[in-house]
Amino acid sequence: MNNVYYSKLIFELSQPGRIGYSLPKLDVEGHCICQLPEGMKRQDDPKLPECDELTVVRHYTNASNNNFGVDTGFYPLGSCTMKYNPKLNEEVTQLPAFQHTHPLQPAETVQGLLALYDNVQRILAEVTGLSRFTLNPFAGAHGELTGLMTIRTYHERRGDTQRTKVLIPDSAHGTNPASAAVCGLEVVEVKSLPDGTVDVEDLKALIDKHGAEVAAMMMTNPNTLGIFERQIPVIAKLVHDCGGLMYYDGANLNPMLGVCRPGDMGFDVMHINLHKTFSTPHGGGGPGSGPIGVRKGMEEYLPNPQVKQREDSTYYIMCNDEALGSVSAFLGNYGIVIRAYAYLLSLGRENIAMAGKLSVLNANYIKEQLKAYYKLPIEGLCKHEFVFDGMREEYGGDHHDEDSVKTLDVAKRLLDYGYHAPTIYFPLLFHEALMIEPTETESKETLDAFIDVMKRIAEEAKADRQLLKTAPHHTPVRRLDDVLAVKAAQFTFRDLQASEV
Ligand SMILES: *Cc1c(COP(=O)(O)O)cnc(C)c1O
């Protein structure tokens, strides 16, 4: 793009001495600064850009126009439920009654808010078939960590201190083993069958070997291939019989909504991502919310502080000595909880099941339309998402040929057509994984347009492979040289350190 305000960094637009906005002159003695110890005072001015207000506005407005989000176009990212965030959620959150509060206000003055928390906790418990939820964790991964800490606390309180291992299928989201490691637990990998589901025979062997040390088994369902795990009752029995607990990664609960419940399947602890299934924004690494729920008998271990209702139906905030401690400042990501509540109430009990069913229908529709062009390693009904293993050989895909059309090329070419690329090369079960999750919020017209483009890309690959290998051709930044990018990034980082910016 040839826009001068955007093609340069804000630092490059800087002109010495130019001022955008000035604060009134200080009319009291420089009080605070004088009290700073000598060694802590700044010797030089900070190297901030010096720009006029209009330059700053144009720079960032142009930059924001080059961003891609669900509000700009279709975002078929697998394993992440990038559904539309209704504007109603935003409006409700902006209400003054929600905005003008402080986390240290006495509970008597925020009864409405606490009622909202309690309602969300209850709705989540009902949707999942568990007993009690906390809304404190800030993200899915944070929920996993909190859930595992709850499990560890449960074992410890019973004097069962040797349970240090967590069973995790090899198809799991990367955050599962990461959370287990952060919690100080050891990961034991469980193999998958060719159809992508958990290999129960492998699990049996692992339990025979490690049974007395198993703290929990973590499962994602539908798993990362979008497939419903059919052996859950058998798996849950194996794990429970050896004294372990069942953890459900419910980050993408979308297809289950109103259809079936983890609590009824034998799970003891789970997390949910409000910023996926419950339509709150993802943002750049946040702001998220990863509530966790537990089955009956484990409620007291949930983290502090907790919102509770008294007999006289007023609400209070309490801290419990049995709890695992606390995992967040105050009650978690408050604004996100309000948005999720707005979403839950606008769907209502009647329509919540529609979300799940439509998300499944949409994913299967795309899959069936495209499987003549892209390799479908696992046939049959999928849930909210599915995975292709690259392009079919007739169109130029071939795992054994270095020069064949790769999943990366398809993803890059999609950018030329104005689509966000799907998740690629995850899960690691296939060479050329390309993972698509349309969600229920997209219309049939949008899905058809995407399907047409995916077919067109396959035809292009057949006619002119080079066109794909060099894509994207119409984006502000063309295909990057990954190796050069890594080297250059290291160089700039050293540069930055040297110049002490
Ligand atoms: C997104 C996701 C997570 C992690 O959630 P974050 O909020 O990104 O930490 C965990 N498991 C699965 C299956 C996910 O899709």
# chains A, B, ... in the order shown; residues from 1 in each chain; ligands from 1
$ select_by_dssp --residues "segment 131-213 of chain A" --states "helix (DSSP H, G or I)" --output "MDAnalysis selection string"
chainID A and resid 140:157 175:182 200:213
$ residues_around --residues "Lys87 of chain A" --least-positions-apart "5" --cutoff "12 Å" --atoms "only C-alpha atoms" --output "list in words"
Asp71, Val92, Thr93, Gln94, Ser279, Thr280, Pro281, Arg339, Ala340, Ala342, Tyr343 and Ser346 of chain A
$ closest_atom_pairs --of "segment 62-146 of chain A" --to "segment 255-275 of chain A" --cutoff "6 Å" --atoms "only C-alpha atoms" --output "tab-separated table"
residue	atom	partner	partner_atom	distance
A:Thr128	CA	A:Arg261	CA	4.6
A:Gly129	CA	A:Gly263	CA	4.3
A:Leu130	CA	A:Gly263	CA	5.0
A:Gly140	CA	A:Asn273	CA	5.4
A:Gly143	CA	A:His271	CA	5.5
$ write_last_selection --atoms "N, CA and C atoms" --output "compact mmCIF listing (two decimals), in the first residue's frame"
# COMPACT_ATOMS: atom_id res chain seq x y z
N THR A 128 -23.56 -27.63 31.19
CA THR A 128 -22.50 -28.64 31.17
C THR A 128 -22.80 -29.85 32.06
N GLY A 129 -23.83 -29.74 32.91
CA GLY A 129 -24.15 -30.85 33.80
C GLY A 129 -23.19 -30.97 34.97
N LEU A 130 -22.49 -29.88 35.29
CA LEU A 130 -21.60 -29.91 36.46
C LEU A 130 -22.27 -29.16 37.61
N GLY A 140 -8.53 -19.74 28.38
CA GLY A 140 -8.69 -21.19 28.35
C GLY A 140 -7.53 -21.88 29.04
N GLY A 143 -7.71 -21.47 32.61
CA GLY A 143 -8.73 -22.37 33.14
C GLY A 143 -8.19 -23.78 33.32
$ residues_around --residues "Arg157 of chain A" --least-positions-apart "5" --cutoff "12 Å" --atoms "only C-alpha atoms" --output "count of residues only"
11
$ residues_around --residues "Thr72 of chain A" --least-positions-apart "4" --cutoff "10 Å" --atoms "only C-alpha atoms" --output "count of residues only"
7
$ atom_distance --atom1 "atom CA of Gly244 of chain A" --atom2 "atom CA of Ile232 of chain A"
14.4 Å
$ atom_distance --atom1 "atom CA of Lys191 of chain A" --atom2 "atom CA of Asp170 of chain A"
5.7 Å
$ residues_around --residues "segment 305-315 of chain A" --least-positions-apart "4" --cutoff "7 Å" --atoms "only C-alpha atoms" --output "ChimeraX atom specification"
/A:111,114-115,118,319,326,330-331
$ closest_residue --among "A:Tyr21, A:Tyr425, A:Tyr417, A:Phe138" --to "ligand 1" --atoms "only C-alpha atoms and all ligand atoms"
A:Phe138
$ residues_around --residues "Ala471 of chain A" --least-positions-apart "6" --cutoff "7 Å" --atoms "only C-alpha atoms" --output "list of chain:residue names"
A:Asp409, A:Lys412, A:Arg413, A:Arg479
$ residues_around --residues "Phe98 of chain A" --least-positions-apart "5" --cutoff "12 Å" --atoms "only C-alpha atoms" --output "compact mmCIF listing (two decimals) with C-alpha atoms, in the first residue's frame"
# COMPACT_ATOMS: atom_id res chain seq x y z
CA GLU A 90 -20.98 -4.45 23.62
CA GLU A 91 -23.95 -2.17 24.24
CA VAL A 92 -24.94 -3.99 27.39
CA THR A 93 -21.39 -3.88 28.75
CA PRO A 103 -13.82 -4.12 42.55
CA VAL A 110 -23.14 -4.30 43.73
CA GLN A 111 -25.90 -6.84 44.32
CA GLY A 112 -27.02 -6.71 40.69
CA LEU A 113 -23.54 -7.53 39.47
CA LEU A 114 -23.15 -10.40 41.87
CA LEU A 116 -25.26 -11.56 37.17
CA TYR A 334 -15.69 -8.81 34.50
CA GLY A 335 -16.53 -7.06 31.18
CA ILE A 336 -16.28 -10.36 29.33
CA VAL A 337 -18.64 -12.10 31.75
CA ILE A 338 -21.26 -9.39 31.09
CA ARG A 339 -20.93 -9.90 27.32
$ closest_residue --among "A:Val410, A:Ile168, A:Ala216, A:Ala125" --to "Gly147 of chain A" --atoms "only C-alpha atoms"
A:Ala216
$ closest_residue --among "A:Arg163, A:Lys375, A:Lys357, A:His142" --to "Ala178 of chain A" --atoms "only C-alpha atoms"
A:His142
$ closest_residue --among "A:Leu225, A:Leu167, A:Pro291, A:Leu414" --to "Leu238 of chain A" --atoms "only C-alpha atoms"
A:Leu167
$ atom_distance --atom1 "atom CA of Ala463 of chain A" --atom2 "atom CA of Leu376 of chain A"
22.0 Å
$ select_by_dssp --residues "segment 44-229 of chain A" --states "strand (DSSP E)" --output "ChimeraX atom specification"
/A:132-134,165-169,186-190,214-220
$ write_last_selection --atoms "N, CA, C and O atoms" --output "mmCIF file, in the first residue's frame"
data_model
loop_
_atom_site.group_PDB
_atom_site.id
_atom_site.type_symbol
_atom_site.label_atom_id
_atom_site.label_comp_id
_atom_site.auth_asym_id
_atom_site.auth_seq_id
_atom_site.Cartn_x
_atom_site.Cartn_y
_atom_site.Cartn_z
ATOM 1 N N ARG A 132 -20.806 -26.695 39.975
ATOM 2 C CA ARG A 132 -20.529 -25.294 40.278
ATOM 3 C C ARG A 132 -19.396 -24.752 39.404
ATOM 4 O O ARG A 132 -18.440 -25.470 39.114
ATOM 5 N N PHE A 133 -19.512 -23.464 39.042
ATOM 6 C CA PHE A 133 -18.495 -22.819 38.216
ATOM 7 C C PHE A 133 -17.856 -21.646 38.930
ATOM 8 O O PHE A 133 -18.459 -21.033 39.812
ATOM 9 N N THR A 134 -16.622 -21.333 38.532
ATOM 10 C CA THR A 134 -16.001 -20.059 38.897
ATOM 11 C C THR A 134 -15.682 -19.344 37.604
ATOM 12 O O THR A 134 -15.297 -19.979 36.616
ATOM 13 N N LYS A 165 0.932 -37.543 37.580
ATOM 14 C CA LYS A 165 0.906 -37.718 36.120
ATOM 15 C C LYS A 165 -0.464 -37.362 35.531
ATOM 16 O O LYS A 165 -1.497 -37.602 36.148
ATOM 17 N N VAL A 166 -0.414 -36.800 34.311
ATOM 18 C CA VAL A 166 -1.653 -36.484 33.600
ATOM 19 C C VAL A 166 -1.625 -37.173 32.249
ATOM 20 O O VAL A 166 -0.650 -37.045 31.504
ATOM 21 N N LEU A 167 -2.672 -37.911 31.951
ATOM 22 C CA LEU A 167 -2.781 -38.589 30.655
ATOM 23 C C LEU A 167 -3.380 -37.625 29.640
ATOM 24 O O LEU A 167 -4.447 -37.049 29.877
ATOM 25 N N ILE A 168 -2.675 -37.435 28.508
ATOM 26 C CA ILE A 168 -3.150 -36.488 27.489
ATOM 27 C C ILE A 168 -2.999 -37.107 26.101
ATOM 28 O O ILE A 168 -1.893 -37.518 25.723
ATOM 29 N N PRO A 169 -4.087 -37.183 25.329
ATOM 30 C CA PRO A 169 -3.996 -37.750 23.973
ATOM 31 C C PRO A 169 -3.055 -36.931 23.085
ATOM 32 O O PRO A 169 -2.948 -35.713 23.257
ATOM 33 N N GLU A 186 3.382 -34.295 35.425
ATOM 34 C CA GLU A 186 4.122 -34.912 34.331
ATOM 35 C C GLU A 186 3.141 -35.424 33.275
ATOM 36 O O GLU A 186 2.134 -36.041 33.612
ATOM 37 N N VAL A 187 3.447 -35.147 31.995
ATOM 38 C CA VAL A 187 2.532 -35.532 30.923
ATOM 39 C C VAL A 187 2.849 -36.939 30.429
ATOM 40 O O VAL A 187 3.997 -37.268 30.154
ATOM 41 N N VAL A 188 1.808 -37.776 30.330
ATOM 42 C CA VAL A 188 1.954 -39.090 29.711
ATOM 43 C C VAL A 188 1.070 -39.089 28.468
ATOM 44 O O VAL A 188 -0.147 -38.874 28.560
ATOM 45 N N GLU A 189 1.684 -39.282 27.294
ATOM 46 C CA GLU A 189 0.935 -39.151 26.045
ATOM 47 C C GLU A 189 0.179 -40.434 25.713
ATOM 48 O O GLU A 189 0.738 -41.524 25.776
ATOM 49 N N VAL A 190 -1.094 -40.271 25.333
ATOM 50 C CA VAL A 190 -1.918 -41.409 24.927
ATOM 51 C C VAL A 190 -2.056 -41.360 23.408
ATOM 52 O O VAL A 190 -2.333 -40.309 22.833
ATOM 53 N N VAL A 214 -1.721 -41.544 38.542
ATOM 54 C CA VAL A 214 -2.510 -40.721 37.617
ATOM 55 C C VAL A 214 -3.393 -39.729 38.388
ATOM 56 O O VAL A 214 -4.263 -40.124 39.153
ATOM 57 N N ALA A 215 -3.144 -38.435 38.171
ATOM 58 C CA ALA A 215 -3.983 -37.405 38.792
ATOM 59 C C ALA A 215 -5.235 -37.206 37.965
ATOM 60 O O ALA A 215 -6.328 -37.044 38.511
ATOM 61 N N ALA A 216 -5.088 -37.215 36.632
ATOM 62 C CA ALA A 216 -6.239 -36.960 35.763
ATOM 63 C C ALA A 216 -5.940 -37.357 34.337
ATOM 64 O O ALA A 216 -4.790 -37.557 33.961
ATOM 65 N N MET A 217 -7.016 -37.457 33.567
ATOM 66 C CA MET A 217 -6.902 -37.584 32.125
ATOM 67 C C MET A 217 -7.570 -36.352 31.527
ATOM 68 O O MET A 217 -8.680 -35.995 31.916
ATOM 69 N N MET A 218 -6.862 -35.673 30.596
ATOM 70 C CA MET A 218 -7.455 -34.498 29.931
ATOM 71 C C MET A 218 -7.956 -34.918 28.562
ATOM 72 O O MET A 218 -7.215 -35.521 27.794
ATOM 73 N N MET A 219 -9.206 -34.600 28.270
ATOM 74 C CA MET A 219 -9.748 -34.923 26.943
ATOM 75 C C MET A 219 -10.408 -33.713 26.324
ATOM 76 O O MET A 219 -11.040 -32.920 27.017
ATOM 77 N N THR A 220 -10.250 -33.602 25.014
ATOM 78 C CA THR A 220 -10.964 -32.566 24.282
ATOM 79 C C THR A 220 -12.063 -33.274 23.499
ATOM 80 O O THR A 220 -11.796 -34.275 22.845
#
$ decode --residues "segment 13-25 of chain A" --atoms "all heavy atoms" --output "PDB file, in the first residue's frame"
ATOM      1  N   LEU A  13       7.703   8.603  11.132  1.00  0.00           N
ATOM      2  CA  LEU A  13       6.914   9.805  10.814  1.00  0.00           C
ATOM      3  C   LEU A  13       7.270  10.956  11.753  1.00  0.00           C
ATOM      4  O   LEU A  13       6.826  12.078  11.575  1.00  0.00           O
ATOM      5  CB  LEU A  13       5.423   9.480  10.942  1.00  0.00           C
ATOM      6  CG  LEU A  13       4.861   8.472   9.931  1.00  0.00           C
ATOM      7  CD1 LEU A  13       3.451   8.053  10.327  1.00  0.00           C
ATOM      8  CD2 LEU A  13       4.877   9.051   8.529  1.00  0.00           C
ATOM      9  N   SER A  14       8.067  10.665  12.746  1.00  0.00           N
ATOM     10  CA  SER A  14       8.415  11.644  13.772  1.00  0.00           C
ATOM     11  C   SER A  14       9.250  12.800  13.200  1.00  0.00           C
ATOM     12  O   SER A  14      10.139  12.588  12.384  1.00  0.00           O
ATOM     13  CB  SER A  14       9.200  10.913  14.871  1.00  0.00           C
ATOM     14  OG  SER A  14       9.689  11.824  15.807  1.00  0.00           O
ATOM     15  N   GLN A  15       8.923  14.028  13.632  1.00  0.00           N
ATOM     16  CA  GLN A  15       9.720  15.218  13.277  1.00  0.00           C
ATOM     17  C   GLN A  15      10.150  15.879  14.581  1.00  0.00           C
ATOM     18  O   GLN A  15       9.284  16.212  15.398  1.00  0.00           O
ATOM     19  CB  GLN A  15       8.878  16.222  12.468  1.00  0.00           C
ATOM     20  CG  GLN A  15       8.461  15.741  11.096  1.00  0.00           C
ATOM     21  CD  GLN A  15       9.648  15.599  10.148  1.00  0.00           C
ATOM     22  OE1 GLN A  15      10.699  16.210  10.353  1.00  0.00           O
ATOM     23  NE2 GLN A  15       9.483  14.771   9.127  1.00  0.00           N
ATOM     24  N   PRO A  16      11.445  16.113  14.790  1.00  0.00           N
ATOM     25  CA  PRO A  16      11.879  16.678  16.069  1.00  0.00           C
ATOM     26  C   PRO A  16      11.146  17.981  16.396  1.00  0.00           C
ATOM     27  O   PRO A  16      11.012  18.844  15.531  1.00  0.00           O
ATOM     28  CB  PRO A  16      13.379  16.954  15.835  1.00  0.00           C
ATOM     29  CG  PRO A  16      13.752  16.069  14.701  1.00  0.00           C
ATOM     30  CD  PRO A  16      12.541  15.873  13.862  1.00  0.00           C
ATOM     31  N   GLY A  17      10.628  18.054  17.593  1.00  0.00           N
ATOM     32  CA  GLY A  17       9.971  19.271  18.050  1.00  0.00           C
ATOM     33  C   GLY A  17       8.489  19.353  17.717  1.00  0.00           C
ATOM     34  O   GLY A  17       7.788  20.228  18.197  1.00  0.00           O
ATOM     35  N   ARG A  18       7.995  18.453  16.907  1.00  0.00           N
ATOM     36  CA  ARG A  18       6.566  18.530  16.556  1.00  0.00           C
ATOM     37  C   ARG A  18       5.725  18.033  17.724  1.00  0.00           C
ATOM     38  O   ARG A  18       6.031  17.024  18.348  1.00  0.00           O
ATOM     39  CB  ARG A  18       6.297  17.711  15.304  1.00  0.00           C
ATOM     40  CG  ARG A  18       4.887  17.946  14.792  1.00  0.00           C
ATOM     41  CD  ARG A  18       4.743  17.628  13.353  1.00  0.00           C
ATOM     42  NE  ARG A  18       5.506  18.542  12.505  1.00  0.00           N
ATOM     43  CZ  ARG A  18       5.672  18.351  11.204  1.00  0.00           C
ATOM     44  NH1 ARG A  18       5.179  17.286  10.620  1.00  0.00           N
ATOM     45  NH2 ARG A  18       6.353  19.214  10.489  1.00  0.00           N
ATOM     46  N   ILE A  19       4.651  18.763  17.978  1.00  0.00           N
ATOM     47  CA  ILE A  19       3.824  18.450  19.154  1.00  0.00           C
ATOM     48  C   ILE A  19       2.390  18.196  18.724  1.00  0.00           C
ATOM     49  O   ILE A  19       1.839  18.945  17.914  1.00  0.00           O
ATOM     50  CB  ILE A  19       3.875  19.621  20.165  1.00  0.00           C
ATOM     51  CG1 ILE A  19       5.264  19.671  20.807  1.00  0.00           C
ATOM     52  CG2 ILE A  19       2.798  19.487  21.223  1.00  0.00           C
ATOM     53  CD1 ILE A  19       5.494  20.890  21.649  1.00  0.00           C
ATOM     54  N   GLY A  20       1.807  17.132  19.229  1.00  0.00           N
ATOM     55  CA  GLY A  20       0.415  16.822  18.903  1.00  0.00           C
ATOM     56  C   GLY A  20      -0.533  17.385  19.935  1.00  0.00           C
ATOM     57  O   GLY A  20      -1.599  17.884  19.624  1.00  0.00           O
ATOM     58  N   TYR A  21      -0.112  17.350  21.162  1.00  0.00           N
ATOM     59  CA  TYR A  21      -1.016  17.700  22.249  1.00  0.00           C
ATOM     60  C   TYR A  21      -0.136  18.064  23.426  1.00  0.00           C
ATOM     61  O   TYR A  21       0.850  17.388  23.701  1.00  0.00           O
ATOM     62  CB  TYR A  21      -1.856  16.474  22.598  1.00  0.00           C
ATOM     63  CG  TYR A  21      -3.061  16.794  23.427  1.00  0.00           C
ATOM     64  CD1 TYR A  21      -4.244  17.244  22.822  1.00  0.00           C
ATOM     65  CD2 TYR A  21      -3.029  16.659  24.809  1.00  0.00           C
ATOM     66  CE1 TYR A  21      -5.342  17.547  23.589  1.00  0.00           C
ATOM     67  CE2 TYR A  21      -4.140  16.970  25.569  1.00  0.00           C
ATOM     68  CZ  TYR A  21      -5.301  17.398  24.956  1.00  0.00           C
ATOM     69  OH  TYR A  21      -6.392  17.708  25.703  1.00  0.00           O
ATOM     70  N   SER A  22      -0.446  19.176  24.103  1.00  0.00           N
ATOM     71  CA  SER A  22       0.396  19.492  25.262  1.00  0.00           C
ATOM     72  C   SER A  22      -0.446  19.626  26.516  1.00  0.00           C
ATOM     73  O   SER A  22      -1.575  20.114  26.469  1.00  0.00           O
ATOM     74  CB  SER A  22       1.208  20.751  25.004  1.00  0.00           C
ATOM     75  OG  SER A  22       0.421  21.710  24.363  1.00  0.00           O
ATOM     76  N   LEU A  23       0.104  19.171  27.603  1.00  0.00           N
ATOM     77  CA  LEU A  23      -0.581  19.266  28.889  1.00  0.00           C
ATOM     78  C   LEU A  23      -0.345  20.660  29.469  1.00  0.00           C
ATOM     79  O   LEU A  23       0.645  21.317  29.130  1.00  0.00           O
ATOM     80  CB  LEU A  23      -0.012  18.217  29.847  1.00  0.00           C
ATOM     81  CG  LEU A  23      -0.253  16.765  29.429  1.00  0.00           C
ATOM     82  CD1 LEU A  23       0.545  15.821  30.321  1.00  0.00           C
ATOM     83  CD2 LEU A  23      -1.728  16.425  29.486  1.00  0.00           C
ATOM     84  N   PRO A  24      -1.255  21.133  30.327  1.00  0.00           N
ATOM     85  CA  PRO A  24      -1.021  22.438  30.969  1.00  0.00           C
ATOM     86  C   PRO A  24       0.302  22.411  31.730  1.00  0.00           C
ATOM     87  O   PRO A  24       0.712  21.354  32.225  1.00  0.00           O
ATOM     88  CB  PRO A  24      -2.201  22.577  31.932  1.00  0.00           C
ATOM     89  CG  PRO A  24      -3.154  21.495  31.612  1.00  0.00           C
ATOM     90  CD  PRO A  24      -2.452  20.468  30.800  1.00  0.00           C
ATOM     91  N   LYS A  25       0.922  23.596  31.821  1.00  0.00           N
ATOM     92  CA  LYS A  25       2.192  23.656  32.556  1.00  0.00           C
ATOM     93  C   LYS A  25       1.951  23.320  34.029  1.00  0.00           C
ATOM     94  O   LYS A  25       0.927  23.674  34.600  1.00  0.00           O
ATOM     95  CB  LYS A  25       2.756  25.087  32.463  1.00  0.00           C
ATOM     96  CG  LYS A  25       3.599  25.325  31.260  1.00  0.00           C
ATOM     97  CD  LYS A  25       4.833  26.154  31.657  1.00  0.00           C
ATOM     98  CE  LYS A  25       6.018  25.967  30.735  1.00  0.00           C
ATOM     99  NZ  LYS A  25       5.751  25.658  29.359  1.00  0.00           N
TER     100      LYS A  25
END
